[in-house]
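Before any comments, here is the structure.
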Amino acid sequence: MRYTIAEIANALEAEAVGDSDMVVTGLSEPGQAGPEDLALASNPKYAKTLASGSAQAALLWADADWEALGLKAAVLPQRPRFAMSRLTTMADPGQGFGSGIHPNAVVDPTARLGADVTVGAGAVIGPEAAIGDGSVIGPLSYVGWRASLGPNAYLREHVSIGAYVHVGANFVANPGARIGGDGFSFVTPEKSGVEAVRESLGDQGEATGQPWARIASLGAVAIGDDVEVGSNSVIDNGTIRPTTIGNRTKIDNLVHIGHNCVVGEDNLLCGCVGLAGSVTVGNFVVMAGQVGISDNLTIGNNVVLAAASKVLSSVRDGKVMLGYPATEMKTNLDMFKNTRRLPRILRDVAELKKAVFKSGTND
Amino acid sequence: MRYTIAEIANALEAEAVGDSDMVVTGLSEPGQAGPEDLALASNPKYAKTLASGSAQAALLWADADWEALGLKAAVLPQRPRFAMSRLTTMADPGQGFGSGIHPNAVVDPTARLGADVTVGAGAVIGPEAAIGDGSVIGPLSYVGWRASLGPNAYLREHVSIGAYVHVGANFVANPGARIGGDGFSFVTPEKSGVEAVRESLGDQGEATGQPWARIASLGAVAIGDDVEVGSNSVIDNGTIRPTTIGNRTKIDNLVHIGHNCVVGEDNLLCGCVGLAGSVTVGNFVVMAGQVGISDNLTIGNNVVLAAASKVLSSVRDGKVMLGYPATEMKTNLDMFKNTRRLPRILRDVAELKKAVFKSGTND
Amino acid sequence: MRYTIAEIANALEAEAVGDSDMVVTGLSEPGQAGPEDLALASNPKYAKTLASGSAQAALLWADADWEALGLKAAVLPQRPRFAMSRLTTMADPGQGFGSGIHPNAVVDPTARLGADVTVGAGAVIGPEAAIGDGSVIGPLSYVGWRASLGPNAYLREHVSIGAYVHVGANFVANPGARIGGDGFSFVTPEKSGVEAVRESLGDQGEATGQPWARIASLGAVAIGDDVEVGSNSVIDNGTIRPTTIGNRTKIDNLVHIGHNCVVGEDNLLCGCVGLAGSVTVGNFVVMAGQVGISDNLTIGNNVVLAAASKVLSSVRDGKVMLGYPATEMKTNLDMFKNTRRLPRILRDVAELKKAVFKSGTND
């Protein structure tokens, strides 16, 4: 990157102070910053470490005393964390995939590629696939039969897009993301032990072992606009209708989204989250790392599922959940505190029994 | 697809009613069905939504009143959910991988391919690999040195089969499945803190930090017939003998099966399940999503491990388990209910202390 | 393999007894051993099964009575488990990737390859990448723009190394490992519900749904020497500085390491472990399977995190943790035991209430 302080401030809709013609060529943490870097010191704690680096310019906060920090110039955004989005995008050198169709790519003659599409070495585009304008298909990635990607898709290396998958605009897929694997749907000839357990909450009854027969997944996957999927995450095909992911939903690494799920808009699904089949999720939902949701449940709008929550029943709008089984966070924290009080309760009950029944035995 | 109602009923061993010569060209949920679709309305609840679509034919249930639903024809199976297996297979258009050896595939001259084998673009078949009749090796997949696949294997794109892996008939591997990675087996020169913790249940004793030395995995993987593996799942090589997966076992996405595991027949392992090294699993076992099993444990036959169970000790035949640590489901549900009663217990004990000891303090 | 007993004993720094010129051609479990195998019977329990095989030579333990076991020769190491490291390495036939640059590999002309580098079929080496002497890049693997690998790297098939990633000597990456995916860092224009929940421990306050803007990851990944990464594991790019993995740390399958993590030396991260963003981990730490660590926490040196622990606050040096939320293992085991005592406590409290207040009702 190579920008003046004024250009950066302008792009971030932030205030430029000091020598706004000064040029910076990189971003850096304050303590490691060289004289041409823009140091990222978005709060007073980070600003203290500016002294151990050589920064002459920094990204600070709205009312920062930049001169007292010994700087020649600074950018003062209203919400520095949000400014980082635009700033890091300006500085991003990308993955160096080049442009055009690499001679070692394999593009089926019946595939339709838009304008300015890049296809990396070893990538394979299947028959009747459609790739939108400006898209980048990374090296060794695969786009299947009759799949379609909207404009400006950006697929890193080793991504899979299965047959009939439809994706909107500005899609981002990280290495090894798998869209359109077969849904995991199996059925036994007679009622299975699992069906009995669900009805009885724990009893398999008379069910005996039976082989599992596959229900094929005909429904593919439909993904909205501005969706991002992390490395090695998987989204399975729906059975009859597509598994769907709403606009602007962001999915981290190693996430599993089962067949028939309907995930809403503006969600954030963090690393290692797992959604069993046929889960419905509203909008503006945040799932922290390792959250799991059982099949056929509904998660409302504006729900927060905290770290590693295991959701075993549906969750209403606006709830903040934690634990296994997930309960409201305040309930879960209380349960934990009360469980830690058990040794004292046991002692108290023993003393009471001794006093009341003249018996101190506790076992 | 293009079938008459009679052909479908015949294939499903179900009753055809109404105009059994009527042709259907697709499957659909009842509310979205067009006039040429077979609507899937396998119970009265779904059947209610037929009115909002245009279906003239439907898959219903054994004693359904199809005429009252305004249909011209219907298929009435005894167990509609089971009928879905055959029906969706009939309707599956597949992934469009074509047939024959793609000119951009790389097949080692010493590999042995059976009759009617398909190898997709960019796939690599290593030396002395053996591929059974009728198998499909998807684009960009890899079959390693001396690996063998039985007849009718179906590998999607980006699948890895390592050296010396042996797989039976009718294998299905979804995108990014990894069979035959190196087992995770490391050892320290002297007794490690972990070994001390296992013996003491929590105390590392005098153990000090030591570097880890790898034990190489020489045992590869042996997989039976009719096994399916989900997207980005991994099955590691055994140390001396192979890690084994029994006939008809189905494995979902992002599942981890460690080295030396012996997984039995007719199991169902759902998404994100993790089996540490040297776990032995019986037959007809179901593991729900995110289940974890510690190393060297034994899981009996006909066991059900419910959602996110973390199994820290061996489980006997027929048990239904839940929780962390996993206990019998009924025990776990009781523990949860009792923990929720703790605020009342605390209150009761405080009142009792006040009454008995004339002291109400609770902290 | 083909070694004399003397050669093996010498390599393992162990004692050779009996006919030390005897040649063995493979390793085997005692019960399956043929007459040319070295049976692995490292303790008296395994040694009992020697009788059911045909072994004439075995790996035993330091003071084993090899003659009483009917053997002609034996190797007697001080710590048999540790001896397995060297022994299995000697016996490892590898993956049969051959040598040299495969004609179907795609190596950018600006990439710099050291001496004796192997590049498999379908592998892609990007512009200005640097590969150290003696390295093996497996079939269909990818090394990105300006990435560097030290000497003796061993990448299995389907591995991704992103742009600007730097890796030290003797790196091992299993199939589908992803180094250098985009970090999962998103920000809302105004304070989000999640930020409010963190401050209030459960209350989203007035926060309303907002779209998420990506913070790009400019910092890549820096990996030390002698690191191993399992199948389908992912290590994300840091935001400004690299995500780092220290020397000799070993990472199992399906592990997620988020952006900005600093993982120390000599760690062992087992299968399905997830580290959220900006986690700092000391040296000689062991994380069992399915452990999760919330973002921005610090884990000290010599910590053991037992199976499936969900770590929600920082952990000091030397601690052994278990549970969700993770607490010291002994505390967690006590909490579990006490919770199982709750039915008796409920009964006792009901009886006390009856005796003291003349009221037996419990609900």
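Within each chain, counting starts at residue 1; across the structure tokens, chains are named A, B, ... in the order shown, with ligands numbered 1 upward in that order.
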
Proximity of chain A to chain B: per-residue shortest pair, 6 Å limit, only C-alpha atoms, as CSV:
```
residue,atom,partner,partner_atom,distance
A:Trp145,CA,B:Gly96,CA,5.7
A:Ala163,CA,B:Gln95,CA,5.4
A:Gly181,CA,B:Asn174,CA,5.9
A:Phe184,CA,B:Asp252,CA,5.9
A:Val187,CA,B:Phe82,CA,5.8
A:Pro189,CA,B:Phe82,CA,5.8
A:Gly202,CA,B:Met329,CA,5.4
A:Gly209,CA,B:Phe284,CA,5.3
A:Pro211,CA,B:Asp266,CA,5.5
A:Arg214,CA,B:Ser85,CA,5.5
A:Ile215,CA,B:Ser85,CA,4.2
A:Ala216,CA,B:Thr88,CA,5.2
```

(request) Enumerate, as a list in words, the complete set of residues in stretch 99-315 of chain A that a backbone-based DSSP assignment places in helix (DSSP H, G or I). (result) Gly193, Val194, Glu195, Ala196, Val197, Arg198, Glu199 and Ser200 of chain A

Suppose we keep C-alpha atoms; can you now write the selection as an mmCIF file, in the first residue's frame?
```cif
data_model
loop_
_atom_site.group_PDB
_atom_site.id
_atom_site.type_symbol
_atom_site.label_atom_id
_atom_site.label_comp_id
_atom_site.auth_asym_id
_atom_site.auth_seq_id
_atom_site.Cartn_x
_atom_site.Cartn_y
_atom_site.Cartn_z
ATOM 1 C CA GLY A 193 -33.942 -47.060 18.492
ATOM 2 C CA VAL A 194 -33.211 -43.382 17.996
ATOM 3 C CA GLU A 195 -36.830 -42.622 17.124
ATOM 4 C CA ALA A 196 -37.856 -44.475 20.312
ATOM 5 C CA VAL A 197 -35.297 -42.567 22.408
ATOM 6 C CA ARG A 198 -36.619 -39.226 21.163
ATOM 7 C CA GLU A 199 -40.174 -40.143 22.130
ATOM 8 C CA SER A 200 -39.288 -41.592 25.535
#
```

(request) May I ask for the distance between atom CA of C:Ala130 and atom CA of C:Ser99, given in Å to one decimal place? (result)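 Computing it gives 17.9 Å between the two atoms.
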
Neighbouring residues of C:Ala62 were defined as those with any atom within 9 Å, considering only C-alpha atoms; residues of the same chain fewer than 5 positions away were excluded. Please report them as a PDB file with N, CA, C and O atoms, in the first residue's frame.
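Written file, out-v4.pdb:
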```pdb
ATOM      1  N   ALA C  14      19.049 -49.796  22.661  1.00  0.00           N
ATOM      2  CA  ALA C  14      18.464 -50.834  23.516  1.00  0.00           C
ATOM      3  C   ALA C  14      19.373 -52.060  23.505  1.00  0.00           C
ATOM      4  O   ALA C  14      20.301 -52.159  22.697  1.00  0.00           O
ATOM      5  N   GLU C  15      19.100 -53.001  24.373  1.00  0.00           N
ATOM      6  CA  GLU C  15      19.881 -54.224  24.451  1.00  0.00           C
ATOM      7  C   GLU C  15      19.356 -55.252  23.440  1.00  0.00           C
ATOM      8  O   GLU C  15      18.136 -55.420  23.316  1.00  0.00           O
ATOM      9  N   VAL C  75      14.664 -57.449  21.474  1.00  0.00           N
ATOM     10  CA  VAL C  75      15.218 -56.113  21.714  1.00  0.00           C
ATOM     11  C   VAL C  75      14.591 -55.621  23.018  1.00  0.00           C
ATOM     12  O   VAL C  75      13.360 -55.685  23.167  1.00  0.00           O
ATOM     13  N   LEU C  76      15.430 -55.172  23.947  1.00  0.00           N
ATOM     14  CA  LEU C  76      14.944 -54.803  25.284  1.00  0.00           C
ATOM     15  C   LEU C  76      15.225 -53.327  25.582  1.00  0.00           C
ATOM     16  O   LEU C  76      16.275 -52.979  26.116  1.00  0.00           O
ATOM     17  N   PRO C  77      14.312 -52.430  25.218  1.00  0.00           N
ATOM     18  CA  PRO C  77      14.562 -50.997  25.456  1.00  0.00           C
ATOM     19  C   PRO C  77      14.172 -50.589  26.883  1.00  0.00           C
ATOM     20  O   PRO C  77      13.339 -51.249  27.516  1.00  0.00           O
ATOM     21  N   GLN C  78      14.740 -49.501  27.348  1.00  0.00           N
ATOM     22  CA  GLN C  78      14.425 -48.980  28.689  1.00  0.00           C
ATOM     23  C   GLN C  78      12.982 -48.478  28.747  1.00  0.00           C
ATOM     24  O   GLN C  78      12.288 -48.681  29.725  1.00  0.00           O
ATOM     25  N   ARG C  79      12.543 -47.730  27.705  1.00  0.00           N
ATOM     26  CA  ARG C  79      11.173 -47.211  27.662  1.00  0.00           C
ATOM     27  C   ARG C  79      10.574 -47.626  26.329  1.00  0.00           C
ATOM     28  O   ARG C  79      10.711 -46.906  25.319  1.00  0.00           O
ATOM     29  N   PRO C  80       9.919 -48.779  26.296  1.00  0.00           N
ATOM     30  CA  PRO C  80       9.470 -49.324  24.992  1.00  0.00           C
ATOM     31  C   PRO C  80       8.614 -48.357  24.190  1.00  0.00           C
ATOM     32  O   PRO C  80       8.736 -48.262  22.970  1.00  0.00           O
TER      33      PRO C  80
END
```

(message) Calculated over only C-alpha atoms, which of the candidates A:Val106, A:Ala177, A:Ile240, A:Ala123 has the smallest distance to B:Asp37?
(response)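 The shortest atom-to-atom distance to B:Asp37 comes from A:Ile240.
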